[in-house]
Amino acid sequence: MKYLLQKCRSEYPDSWQKALDIIENNKDKLPNVRRALILIDKLRNKYPEQLPDFLQDQFLEDLIKLFSFSQFLGDFFVSNPDFLPKLKAIYKKRFMPSDFAVSKWRDGDEAGFKRLIRFHHRFHMGRIVLRDICGMDSLLFLTRDVTLLHDAIMSAALKFAEKMMEKRYGSPGNSGFCIVDMGKASGFELNYSSDLDVIYVYLSRYGKTSGGDYGKLDNHDYFSLLSEYVTRLVTENTKDGKCFELDLRLRPNGTMGPICNDIEALEEYYTAVARPWERFALLKSRPAAGDLKVIGVEFEKLITPFVYRKYIDFTLIEEVLRLKELIKAKVSKRLNKIDVKLGEGGIREIEFIVQAFQVIYGGKNKNIRSRNTLIALDKLRRWGFLTESEYETLRDSYEFLRRTEHMIQVTHFRQTQTFHPESEEAEELASKMGFADKEQFLSELKRTMNNVHNLFNRFFPTEKKKTLSSLTVEDLRRKKFFEPEEIKKFIDCLFNGKVLSAEAQNRLDLMGDTFIDLIFEMPDSKLCMKNLVSFLEKEEGKIYFLFYLKQINTLKVLLMLFSLKDFFIRRFIETPEIMEYLFDPEGIENPRTISAVRETFDFLKNDKLAKNLEEVRVILRKLLGRTDVETFNREFTNVTDVVLLKIYNEMAPSFAVASLGKFGSREMNVGSDLDLLFIFKDEGDKEKDIGLIPSFIEKLGAFGYEIDTRLRPFGEKGEIGFTVNYMGKYFFESARVWEKLAYTRFRLVTDGVSFKDDIYRVVDEFLFSQPLSLDTLEEIKGMRKRLEKELGKKSLMKYGIGGIVDSEFVAYTYQLFEKERIGNVYRVLKKVSERMKKDFYKIFSLLREAETEKRLYGKLIKFRDLESLMDENRELYLEFFKWIEALVSMPGR
């Protein structure tokens, strides 16, 4: 640093020496002297001969201070020095809302508009931050200005998009559009680097646009495109970067719902579907841009009775605690960092206290309602919900923590609220916060967060319970454990000094009944404890278990995974780093589509980890009730599809890979094997690449899959790879009826091959060239009887009377009769159910639920009595074959 300063001294003209004097004289006050000097040096290169007139006064000192605080803003103003005189002219002025309006733009110039709003955002953020670090504004005004700036940009983006859309499609009929701010933006409390949470709302789906260059659209399609356009204008990463991020997940049904909704759809959702946490979300909502007079008013009229109930609802306290636990799960990778927002005693706990009072009591007392946290705190004090001392503690803590959050973000304008206490960043942060050294700052931060957390625990108390190690076998017996002695042995194992550290033992011990009650809730308490011990034998297990001990909801989910026979613990042992990503809410809430799974593979760059993580996510979604069994089977299949196609694309063989069985019909379950076929276009390709098949199978096997190739022509005696013509010839000359049943589940996994149409043509000719006959029906029923006799006792649920195979035979036969290859048994049985007005689909789904339960836990728990279910399924099976025989026998068919 000293050398750099001396170098600049020797190179700078006399007028620029003033800047170096300011840096040298204020080096103890500047958070990052080196950053300030480097940015000044870059600015000097823009004006090498003379310090420009606009830098001859106090503004130069303030600008150096800004450079010291923010690399992001420093880079912007050095790259665009023409903005500096404009900044000087405005930064000492307090703005009105209209002062943030985006200047005029040229209609149709999308690239120019994007550049305009990005520069507009950075320029005005420079003014706001400069006022902050120069002590010109309170937190209330700083966050107000950040929010007004964001709203002005969204309003401009909407106007630009509407002009473009009107040219393409005309004006919408009977409807307007509104952007609703959510979260901090609704209370004029945005951070320096906040996402902007928004909901897009329009008045009515009924109507069409008047028409334009691209034609006409229904209102919903028009407003969906408009929403996407506005989002893209702001968030697209151009050469000038992004303007800011938009988060649209607070809309009805989150990412699974439409991007915009009309008032009628919102009313239906908030009346019948919305969950308690959405009351907290809508507490912080404000129509901000677009049609505020009509749609904005209608929106507020709609959500007010949903948020503020006429009665006092104390059950929401439990929802506060649940939301707090969910938020804790997001910080799983920040074990050694301080999180001023989500950590214990952080900003979020203050917000929870404020919002809980408002949602619980705000229906009766309108005087405590406010979207702004500081204003709401004052109202809660004035109306007796907070004492003077509680109010002052929460107010002062909130301002201190928000300023800390801003100073963390101001350097690079990244959305983060964490820092490592032993890092250089902590030293710089202490200086930005006005402390003499890091130790003083960390001490004050710890005191502040402890005060907040103590108040949070006072408002949301938890009951003290008996320690875990003190529980006796008799205590466990009274709690109705089936094997209390075994459970006690595992408890003792946790406290023997080998599995957990002294700190972890102490924290676990204090949980006492809370922990053991969670264990009791598990489907298999003994297995859960056994797998917990195995989990803790790895160092990563110890770290994460300790971290989740206070997060009851997350801990409960982890214990649910331990209750699975070996599914989770085996994957954890293979890839312990799975814990870093396991409780990401998006991974659990969002459907595990093929594209979502591929994103995980691309992000992690570790195929085994990605496969294990996605399979566990699929299981978690099932355990947590996010999916039914049909969706669970499909998502499990999606993971396998991605793995297989990744291997296939890397090897790039000439053969196609097809599947039968549950993989073919997208119904994979835990432990399902893969029935695969390897098909070549012609003999030349076969001769060239048949040697790749064993390698392909080996690569799949490395992911834990069992591969079965016995369903190929001539079974184990036939060649492992074969041509399309060979397959067609085999079907015509040698194939048997049971193979027709199997091939109703045929699916080409590698669907992009050039000869896929030839393959499907051959399969469909095999299945449907001849109509289903009575002789074939008799043979099918005979096959079912043989399976029942040979395998029924060994696998009752699958092959026994009324087992799953009964349903599958119904599905196979129906496809042959209708000459339609559907594949998926659920989909076929839905059609059969509709046609026969019977519960084929429902009974099959229940049997597959039971099968899944058996595979996950090694035993039946909810489905211990399957007899009546299987009896009903056998009756359906018999009714179906009686019905289908009558149809097949009809003359003239």
# chains A, B, ... in the order shown; residues from 1 in each chain; ligands from 1
call {"tool": "residues_around", "arguments": {"residues": "range 135-146 of chain A", "least_positions_apart": "3", "cutoff": "7 Å", "atoms": "only C-alpha atoms", "output": "VMD selection string"}}
result
chain A and resid 128 131 to 132 149 to 150 188 to 192 399
call {"tool": "write_last_selection", "arguments": {"atoms": "C-alpha atoms", "output": "compact mmCIF listing (two decimals), in the first residue's frame"}}
result
# COMPACT_ATOMS: atom_id res chain seq x y z
CA ILE A 128 -28.35 6.82 -1.88
CA ARG A 131 -25.99 9.96 1.58
CA ASP A 132 -25.77 6.93 3.85
CA LEU A 149 -35.94 3.68 -7.24
CA HIS A 150 -36.91 0.04 -7.83
CA PHE A 188 -40.36 0.77 1.57
CA GLU A 189 -37.57 -1.17 3.25
CA LEU A 190 -35.48 -2.57 0.39
CA ASN A 191 -31.83 -3.40 0.98
CA TYR A 192 -29.02 -2.17 -1.23
CA GLU A 399 -31.48 -0.31 12.79
call {"tool": "select_by_dssp", "arguments": {"residues": "range 580-746 of chain A", "states": "strand (DSSP E)", "output": "count of residues only"}}
result
17
call {"tool": "closest_residue", "arguments": {"among": "A:Gly176, A:Met182, A:Tyr544, A:Gln71", "to": "Gly207 in chain A", "atoms": "only C-alpha atoms"}}
result
A:Gly176
call {"tool": "select_by_dssp", "arguments": {"residues": "range 706-794 of chain A", "states": "alpha helix (DSSP H)", "output": "VMD selection string"}}
result
chain A and resid 724 to 733 737 to 743 756 to 768 774 to 791
call {"tool": "residues_around", "arguments": {"residues": "Ala265 in chain A", "least_positions_apart": "6", "cutoff": "12 Å", "atoms": "only C-alpha atoms", "output": "compact mmCIF listing (two decimals) with N, CA and C atoms, in the first residue's frame"}}
result
# COMPACT_ATOMS: atom_id res chain seq x y z
N VAL A 201 -50.62 -9.03 -11.36
CA VAL A 201 -52.08 -9.17 -11.24
C VAL A 201 -52.75 -8.42 -12.40
N TYR A 202 -53.80 -9.03 -12.97
CA TYR A 202 -54.62 -8.30 -13.95
C TYR A 202 -56.08 -8.46 -13.57
N LEU A 203 -56.93 -7.64 -14.19
CA LEU A 203 -58.30 -7.55 -13.71
C LEU A 203 -59.15 -8.76 -14.09
N SER A 204 -59.13 -9.13 -15.38
CA SER A 204 -60.07 -10.17 -15.82
C SER A 204 -59.50 -11.00 -16.96
N ARG A 205 -59.69 -12.30 -16.87
CA ARG A 205 -59.25 -13.22 -17.93
C ARG A 205 -60.22 -13.23 -19.11
N TYR A 206 -61.40 -12.64 -18.92
CA TYR A 206 -62.44 -12.72 -19.96
C TYR A 206 -62.26 -11.57 -20.97
N HIS A 220 -55.49 -13.75 -20.75
CA HIS A 220 -54.50 -14.41 -19.89
C HIS A 220 -53.18 -14.61 -20.61
N ARG A 251 -46.22 -15.78 -5.66
CA ARG A 251 -47.52 -15.83 -6.33
C ARG A 251 -48.23 -17.13 -5.95
N PRO A 252 -49.54 -17.21 -6.17
CA PRO A 252 -50.27 -18.44 -5.86
C PRO A 252 -49.63 -19.67 -6.50
N ASN A 253 -49.42 -20.70 -5.68
CA ASN A 253 -48.81 -21.97 -6.09
C ASN A 253 -47.35 -21.83 -6.50
N GLY A 257 -47.40 -22.26 -10.28
CA GLY A 257 -48.57 -21.52 -10.70
C GLY A 257 -48.27 -20.63 -11.90
N PRO A 258 -49.31 -20.09 -12.52
CA PRO A 258 -49.11 -19.17 -13.65
C PRO A 258 -48.36 -17.92 -13.21
N THR A 271 -59.18 -17.88 -0.90
CA THR A 271 -60.34 -18.33 -0.14
C THR A 271 -60.26 -19.81 0.22
N ALA A 272 -59.73 -20.62 -0.71
CA ALA A 272 -59.83 -22.07 -0.53
C ALA A 272 -58.50 -22.81 -0.42
N VAL A 273 -57.43 -22.24 -0.95
CA VAL A 273 -56.20 -23.02 -1.11
C VAL A 273 -55.03 -22.50 -0.27
N ALA A 274 -54.93 -21.19 -0.13
CA ALA A 274 -53.74 -20.57 0.47
C ALA A 274 -53.46 -21.11 1.85
N PHE A 299 -57.23 -5.51 -5.46
CA PHE A 299 -56.31 -6.46 -4.82
C PHE A 299 -56.29 -6.26 -3.31
N LEU A 302 -59.34 -7.51 -1.67
CA LEU A 302 -59.39 -8.98 -1.66
C LEU A 302 -58.54 -9.57 -0.54
call {"tool": "atom_distance", "arguments": {"atom1": "CA of Ala658 in chain A", "atom2": "CA of Phe746 in chain A"}}
result
7.0 Å
call {"tool": "residues_around", "arguments": {"residues": "Asp21 in chain A", "least_positions_apart": "2", "cutoff": "12 Å", "atoms": "only C-alpha atoms", "output": "list in words"}}
result
Leu5, Gln6, Cys8, Arg9, Tyr12, Asp14, Ser15, Trp16, Gln17, Lys18, Ala19, Ile23, Glu24, Asn25, Asn26, Lys27, Leu37, Ile40, Leu60, Glu61 and Ile64 of chain A
call {"tool": "residues_around", "arguments": {"residues": "Leu847 in chain A", "least_positions_apart": "2", "cutoff": "9 Å", "atoms": "only C-alpha atoms", "output": "number ranges by chain"}}
result
A: 797-798, 803-804, 842-845, 849-852, 863, 866, 869-870
call {"tool": "write_last_selection", "arguments": {"atoms": "C-alpha atoms", "output": "PDB file, in the first residue's frame"}}
result
ATOM      1  CA  MET A 797     -48.559 -58.257  -2.799  1.00  0.00           C
ATOM      2  CA  LYS A 798     -47.286 -58.446  -6.350  1.00  0.00           C
ATOM      3  CA  GLY A 803     -52.013 -58.387  -6.278  1.00  0.00           C
ATOM      4  CA  ILE A 804     -50.462 -55.638  -8.358  1.00  0.00           C
ATOM      5  CA  LYS A 842     -57.756 -46.011  -7.029  1.00  0.00           C
ATOM      6  CA  ILE A 843     -57.126 -49.623  -5.969  1.00  0.00           C
ATOM      7  CA  PHE A 844     -53.954 -49.874  -8.060  1.00  0.00           C
ATOM      8  CA  SER A 845     -52.660 -46.610  -6.557  1.00  0.00           C
ATOM      9  CA  GLU A 849     -48.524 -47.069  -2.067  1.00  0.00           C
ATOM     10  CA  ALA A 850     -48.253 -50.279  -0.062  1.00  0.00           C
ATOM     11  CA  GLU A 851     -45.453 -51.542  -2.296  1.00  0.00           C
ATOM     12  CA  THR A 852     -43.568 -48.264  -1.828  1.00  0.00           C
ATOM     13  CA  PHE A 863     -51.083 -51.122   4.973  1.00  0.00           C
ATOM     14  CA  LEU A 866     -54.048 -55.778   2.617  1.00  0.00           C
ATOM     15  CA  LEU A 869     -57.825 -54.367  -0.763  1.00  0.00           C
ATOM     16  CA  MET A 870     -56.521 -57.357  -2.704  1.00  0.00           C
TER      17      MET A 870
END
call {"tool": "closest_residue", "arguments": {"among": "A:Val888, A:Val102, A:Leu66, A:Glu228", "to": "Leu87 in chain A", "atoms": "only C-alpha atoms"}}
result
A:Leu66
call {"tool": "closest_residue", "arguments": {"among": "A:Arg127, A:Lys479, A:Arg115, A:Arg34", "to": "Gly241 in chain A", "atoms": "only C-alpha atoms"}}
result
A:Arg115
call {"tool": "residues_around", "arguments": {"residues": "Gly800 in chain A", "least_positions_apart": "2", "cutoff": "10 Å", "atoms": "only C-alpha atoms", "output": "list in words"}}
result
Arg784, Lys785, Leu787, Glu788, Lys789, Glu790, Leu791, Gly792, Lys793, Lys794, Ser795, Leu796, Met797, Lys798, Gly802, Gly803, Ile804, Val805, Asp806, Met870 and Arg874 of chain A
call {"tool": "atom_distance", "arguments": {"atom1": "CA of Gln440 in chain A", "atom2": "CA of Arg458 in chain A"}}
result
27.2 Å
call {"tool": "closest_residue", "arguments": {"among": "A:Met522, A:Leu342, A:Leu442, A:Ile801", "to": "Arg786 in chain A", "atoms": "only C-alpha atoms"}}
result
A:Ile801
call {"tool": "closest_atom_pairs", "arguments": {"of": "range 206-243 of chain A", "to": "range 152-155 of chain A", "cutoff": "12 Å", "atoms": "only C-alpha atoms", "output": "tab-separated table"}}
result
residue	atom	partner	partner_atom	distance
A:Ser227	CA	A:Met154	CA	11.2
A:Tyr229	CA	A:Met154	CA	11.5
A:Val230	CA	A:Met154	CA	7.7
A:Thr231	CA	A:Met154	CA	9.0
A:Arg232	CA	A:Met154	CA	11.3
A:Leu233	CA	A:Met154	CA	9.3
A:Val234	CA	A:Met154	CA	7.7
A:Thr235	CA	A:Met154	CA	10.9
A:Cys243	CA	A:Ile153	CA	8.9
call {"tool": "residues_around", "arguments": {"residues": "Leu386 in chain A", "least_positions_apart": "6", "cutoff": "9 Å", "atoms": "only C-alpha atoms", "output": "MDAnalysis selection string"}}
result
chainID A and resid 377:378 380
call {"tool": "closest_atom_pairs", "arguments": {"of": "range 474-566 of chain A", "to": "range 619-626 of chain A", "cutoff": "12 Å", "atoms": "only C-alpha atoms", "output": "CSV"}}
result
residue,atom,partner,partner_atom,distance
A:Met522,CA,A:Leu623,CA,11.5
A:Pro523,CA,A:Leu623,CA,11.3
A:Asn553,CA,A:Leu624,CA,11.3
A:Thr554,CA,A:Leu624,CA,11.5
A:Lys556,CA,A:Leu624,CA,10.8
A:Val557,CA,A:Leu620,CA,8.0
A:Leu558,CA,A:Leu620,CA,9.5
A:Leu559,CA,A:Leu620,CA,11.4
A:Met560,CA,A:Leu623,CA,7.9
A:Leu561,CA,A:Leu620,CA,7.9
A:Phe562,CA,A:Leu620,CA,11.7
A:Ser563,CA,A:Leu623,CA,11.1
A:Leu564,CA,A:Ile619,CA,9.9
call {"tool": "write_last_selection", "arguments": {"atoms": "N, CA and C atoms", "output": "mmCIF file, in the first residue's frame"}}
result
data_model
loop_
_atom_site.group_PDB
_atom_site.id
_atom_site.type_symbol
_atom_site.label_atom_id
_atom_site.label_comp_id
_atom_site.auth_asym_id
_atom_site.auth_seq_id
_atom_site.Cartn_x
_atom_site.Cartn_y
_atom_site.Cartn_z
ATOM 1 N N MET A 522 -41.540 -41.712 14.473
ATOM 2 C CA MET A 522 -41.005 -42.319 13.264
ATOM 3 C C MET A 522 -41.628 -43.698 13.005
ATOM 4 N N PRO A 523 -41.743 -44.103 11.753
ATOM 5 C CA PRO A 523 -42.359 -45.398 11.431
ATOM 6 C C PRO A 523 -41.645 -46.577 12.079
ATOM 7 N N ASN A 553 -38.157 -28.820 12.838
ATOM 8 C CA ASN A 553 -38.808 -29.330 11.621
ATOM 9 C C ASN A 553 -37.816 -30.000 10.681
ATOM 10 N N THR A 554 -36.637 -29.395 10.548
ATOM 11 C CA THR A 554 -35.615 -30.003 9.697
ATOM 12 C C THR A 554 -35.106 -31.292 10.315
ATOM 13 N N LYS A 556 -36.747 -33.279 12.210
ATOM 14 C CA LYS A 556 -37.791 -34.290 12.034
ATOM 15 C C LYS A 556 -37.709 -34.930 10.655
ATOM 16 N N VAL A 557 -37.473 -34.105 9.641
ATOM 17 C CA VAL A 557 -37.346 -34.635 8.280
ATOM 18 C C VAL A 557 -36.120 -35.539 8.174
ATOM 19 N N LEU A 558 -35.019 -35.135 8.806
ATOM 20 C CA LEU A 558 -33.808 -35.959 8.789
ATOM 21 C C LEU A 558 -34.067 -37.308 9.451
ATOM 22 N N LEU A 559 -34.782 -37.302 10.568
ATOM 23 C CA LEU A 559 -35.105 -38.554 11.251
ATOM 24 C C LEU A 559 -36.033 -39.428 10.400
ATOM 25 N N MET A 560 -36.901 -38.807 9.615
ATOM 26 C CA MET A 560 -37.744 -39.572 8.691
ATOM 27 C C MET A 560 -36.883 -40.331 7.687
ATOM 28 N N LEU A 561 -35.808 -39.682 7.240
ATOM 29 C CA LEU A 561 -34.898 -40.344 6.302
ATOM 30 C C LEU A 561 -34.154 -41.491 6.985
ATOM 31 N N PHE A 562 -33.801 -41.307 8.248
ATOM 32 C CA PHE A 562 -33.132 -42.388 8.991
ATOM 33 C C PHE A 562 -34.058 -43.592 9.177
ATOM 34 N N SER A 563 -35.364 -43.361 9.135
ATOM 35 C CA SER A 563 -36.325 -44.447 9.343
ATOM 36 C C SER A 563 -36.467 -45.353 8.125
ATOM 37 N N LEU A 564 -35.922 -44.904 6.999
ATOM 38 C CA LEU A 564 -35.951 -45.749 5.799
ATOM 39 C C LEU A 564 -34.931 -46.861 5.951
#
call {"tool": "decode", "arguments": {"residues": "range 687-722 of chain A", "atoms": "N, CA and C atoms", "output": "PDB file, in the first residue's frame"}}
result
ATOM      1  N   GLU A 687     -22.177 -54.123 -36.008  1.00  0.00           N
ATOM      2  CA  GLU A 687     -20.820 -54.671 -36.032  1.00  0.00           C
ATOM      3  C   GLU A 687     -19.828 -53.672 -35.440  1.00  0.00           C
ATOM      4  N   LYS A 688     -20.077 -52.388 -35.668  1.00  0.00           N
ATOM      5  CA  LYS A 688     -19.159 -51.342 -35.207  1.00  0.00           C
ATOM      6  C   LYS A 688     -19.257 -51.117 -33.703  1.00  0.00           C
ATOM      7  N   ASP A 689     -20.465 -51.134 -33.134  1.00  0.00           N
ATOM      8  CA  ASP A 689     -20.648 -50.638 -31.764  1.00  0.00           C
ATOM      9  C   ASP A 689     -21.184 -51.652 -30.762  1.00  0.00           C
ATOM     10  N   ILE A 690     -21.385 -52.916 -31.161  1.00  0.00           N
ATOM     11  CA  ILE A 690     -21.964 -53.861 -30.199  1.00  0.00           C
ATOM     12  C   ILE A 690     -21.057 -54.053 -28.991  1.00  0.00           C
ATOM     13  N   GLY A 691     -19.751 -53.834 -29.199  1.00  0.00           N
ATOM     14  CA  GLY A 691     -18.821 -53.966 -28.077  1.00  0.00           C
ATOM     15  C   GLY A 691     -18.948 -52.880 -27.037  1.00  0.00           C
ATOM     16  N   LEU A 692     -19.693 -51.816 -27.341  1.00  0.00           N
ATOM     17  CA  LEU A 692     -19.878 -50.728 -26.377  1.00  0.00           C
ATOM     18  C   LEU A 692     -20.957 -51.038 -25.340  1.00  0.00           C
ATOM     19  N   ILE A 693     -21.800 -52.028 -25.656  1.00  0.00           N
ATOM     20  CA  ILE A 693     -22.942 -52.298 -24.762  1.00  0.00           C
ATOM     21  C   ILE A 693     -22.489 -52.726 -23.366  1.00  0.00           C
ATOM     22  N   PRO A 694     -21.535 -53.679 -23.228  1.00  0.00           N
ATOM     23  CA  PRO A 694     -21.104 -54.039 -21.863  1.00  0.00           C
ATOM     24  C   PRO A 694     -20.561 -52.844 -21.088  1.00  0.00           C
ATOM     25  N   SER A 695     -19.842 -51.953 -21.765  1.00  0.00           N
ATOM     26  CA  SER A 695     -19.320 -50.755 -21.098  1.00  0.00           C
ATOM     27  C   SER A 695     -20.454 -49.840 -20.659  1.00  0.00           C
ATOM     28  N   PHE A 696     -21.469 -49.714 -21.510  1.00  0.00           N
ATOM     29  CA  PHE A 696     -22.635 -48.898 -21.175  1.00  0.00           C
ATOM     30  C   PHE A 696     -23.340 -49.462 -19.937  1.00  0.00           C
ATOM     31  N   ILE A 697     -23.515 -50.770 -19.911  1.00  0.00           N
ATOM     32  CA  ILE A 697     -24.170 -51.423 -18.763  1.00  0.00           C
ATOM     33  C   ILE A 697     -23.337 -51.241 -17.498  1.00  0.00           C
ATOM     34  N   GLU A 698     -22.025 -51.342 -17.645  1.00  0.00           N
ATOM     35  CA  GLU A 698     -21.127 -51.188 -16.500  1.00  0.00           C
ATOM     36  C   GLU A 698     -21.218 -49.771 -15.923  1.00  0.00           C
ATOM     37  N   LYS A 699     -21.275 -48.784 -16.802  1.00  0.00           N
ATOM     38  CA  LYS A 699     -21.376 -47.394 -16.336  1.00  0.00           C
ATOM     39  C   LYS A 699     -22.693 -47.161 -15.590  1.00  0.00           C
ATOM     40  N   LEU A 700     -23.771 -47.738 -16.105  1.00  0.00           N
ATOM     41  CA  LEU A 700     -25.049 -47.622 -15.401  1.00  0.00           C
ATOM     42  C   LEU A 700     -24.995 -48.332 -14.054  1.00  0.00           C
ATOM     43  N   GLY A 701     -24.354 -49.490 -14.051  1.00  0.00           N
ATOM     44  CA  GLY A 701     -24.229 -50.261 -12.816  1.00  0.00           C
ATOM     45  C   GLY A 701     -23.462 -49.516 -11.742  1.00  0.00           C
ATOM     46  N   ALA A 702     -22.525 -48.658 -12.166  1.00  0.00           N
ATOM     47  CA  ALA A 702     -21.738 -47.880 -11.209  1.00  0.00           C
ATOM     48  C   ALA A 702     -22.613 -46.900 -10.427  1.00  0.00           C
ATOM     49  N   PHE A 703     -23.796 -46.594 -10.959  1.00  0.00           N
ATOM     50  CA  PHE A 703     -24.730 -45.723 -10.245  1.00  0.00           C
ATOM     51  C   PHE A 703     -25.678 -46.516  -9.342  1.00  0.00           C
ATOM     52  N   GLY A 704     -25.470 -47.822  -9.258  1.00  0.00           N
ATOM     53  CA  GLY A 704     -26.283 -48.650  -8.371  1.00  0.00           C
ATOM     54  C   GLY A 704     -27.481 -49.298  -9.030  1.00  0.00           C
ATOM     55  N   TYR A 705     -27.581 -49.219 -10.355  1.00  0.00           N
ATOM     56  CA  TYR A 705     -28.728 -49.820 -11.048  1.00  0.00           C
ATOM     57  C   TYR A 705     -28.463 -51.288 -11.376  1.00  0.00           C
ATOM     58  N   GLU A 706     -29.502 -52.111 -11.226  1.00  0.00           N
ATOM     59  CA  GLU A 706     -29.482 -53.496 -11.687  1.00  0.00           C
ATOM     60  C   GLU A 706     -30.045 -53.527 -13.104  1.00  0.00           C
ATOM     61  N   ILE A 707     -29.279 -54.050 -14.048  1.00  0.00           N
ATOM     62  CA  ILE A 707     -29.690 -54.057 -15.455  1.00  0.00           C
ATOM     63  C   ILE A 707     -30.152 -55.455 -15.854  1.00  0.00           C
ATOM     64  N   ASP A 708     -31.313 -55.550 -16.461  1.00  0.00           N
ATOM     65  CA  ASP A 708     -31.871 -56.823 -16.926  1.00  0.00           C
ATOM     66  C   ASP A 708     -32.084 -56.722 -18.437  1.00  0.00           C
ATOM     67  N   THR A 709     -31.409 -57.587 -19.179  1.00  0.00           N
ATOM     68  CA  THR A 709     -31.542 -57.561 -20.647  1.00  0.00           C
ATOM     69  C   THR A 709     -32.236 -58.826 -21.171  1.00  0.00           C
ATOM     70  N   ARG A 710     -32.890 -59.566 -20.294  1.00  0.00           N
ATOM     71  CA  ARG A 710     -33.450 -60.869 -20.690  1.00  0.00           C
ATOM     72  C   ARG A 710     -34.717 -60.764 -21.533  1.00  0.00           C
ATOM     73  N   LEU A 711     -35.283 -59.576 -21.666  1.00  0.00           N
ATOM     74  CA  LEU A 711     -36.497 -59.425 -22.474  1.00  0.00           C
ATOM     75  C   LEU A 711     -36.188 -59.174 -23.946  1.00  0.00           C
ATOM     76  N   ARG A 712     -34.925 -59.277 -24.322  1.00  0.00           N
ATOM     77  CA  ARG A 712     -34.560 -59.134 -25.737  1.00  0.00           C
ATOM     78  C   ARG A 712     -34.998 -60.381 -26.515  1.00  0.00           C
ATOM     79  N   PRO A 713     -35.035 -60.309 -27.849  1.00  0.00           N
ATOM     80  CA  PRO A 713     -35.398 -61.492 -28.649  1.00  0.00           C
ATOM     81  C   PRO A 713     -34.566 -62.715 -28.276  1.00  0.00           C
ATOM     82  N   PHE A 714     -35.251 -63.834 -28.017  1.00  0.00           N
ATOM     83  CA  PHE A 714     -34.660 -65.108 -27.619  1.00  0.00           C
ATOM     84  C   PHE A 714     -34.006 -65.053 -26.243  1.00  0.00           C
ATOM     85  N   GLY A 715     -34.318 -64.014 -25.477  1.00  0.00           N
ATOM     86  CA  GLY A 715     -33.855 -63.941 -24.096  1.00  0.00           C
ATOM     87  C   GLY A 715     -32.358 -64.039 -23.952  1.00  0.00           C
ATOM     88  N   GLU A 716     -31.901 -64.778 -22.958  1.00  0.00           N
ATOM     89  CA  GLU A 716     -30.462 -64.867 -22.678  1.00  0.00           C
ATOM     90  C   GLU A 716     -29.704 -65.568 -23.809  1.00  0.00           C
ATOM     91  N   LYS A 717     -30.406 -66.324 -24.634  1.00  0.00           N
ATOM     92  CA  LYS A 717     -29.752 -67.010 -25.755  1.00  0.00           C
ATOM     93  C   LYS A 717     -29.528 -66.065 -26.941  1.00  0.00           C
ATOM     94  N   GLY A 718     -30.288 -64.984 -26.993  1.00  0.00           N
ATOM     95  CA  GLY A 718     -30.172 -64.053 -28.106  1.00  0.00           C
ATOM     96  C   GLY A 718     -29.033 -63.063 -27.910  1.00  0.00           C
ATOM     97  N   GLU A 719     -28.678 -62.379 -28.995  1.00  0.00           N
ATOM     98  CA  GLU A 719     -27.610 -61.378 -28.912  1.00  0.00           C
ATOM     99  C   GLU A 719     -28.081 -60.187 -28.105  1.00  0.00           C
ATOM    100  N   ILE A 720     -27.134 -59.583 -27.353  1.00  0.00           N
ATOM    101  CA  ILE A 720     -27.502 -58.496 -26.458  1.00  0.00           C
ATOM    102  C   ILE A 720     -27.914 -57.250 -27.224  1.00  0.00           C
ATOM    103  N   GLY A 721     -27.415 -57.087 -28.445  1.00  0.00           N
ATOM    104  CA  GLY A 721     -27.829 -55.994 -29.312  1.00  0.00           C
ATOM    105  C   GLY A 721     -28.342 -56.559 -30.623  1.00  0.00           C
ATOM    106  N   PHE A 722     -29.354 -55.916 -31.220  1.00  0.00           N
ATOM    107  CA  PHE A 722     -29.967 -56.471 -32.425  1.00  0.00           C
ATOM    108  C   PHE A 722     -30.491 -55.330 -33.287  1.00  0.00           C
TER     109      PHE A 722
END
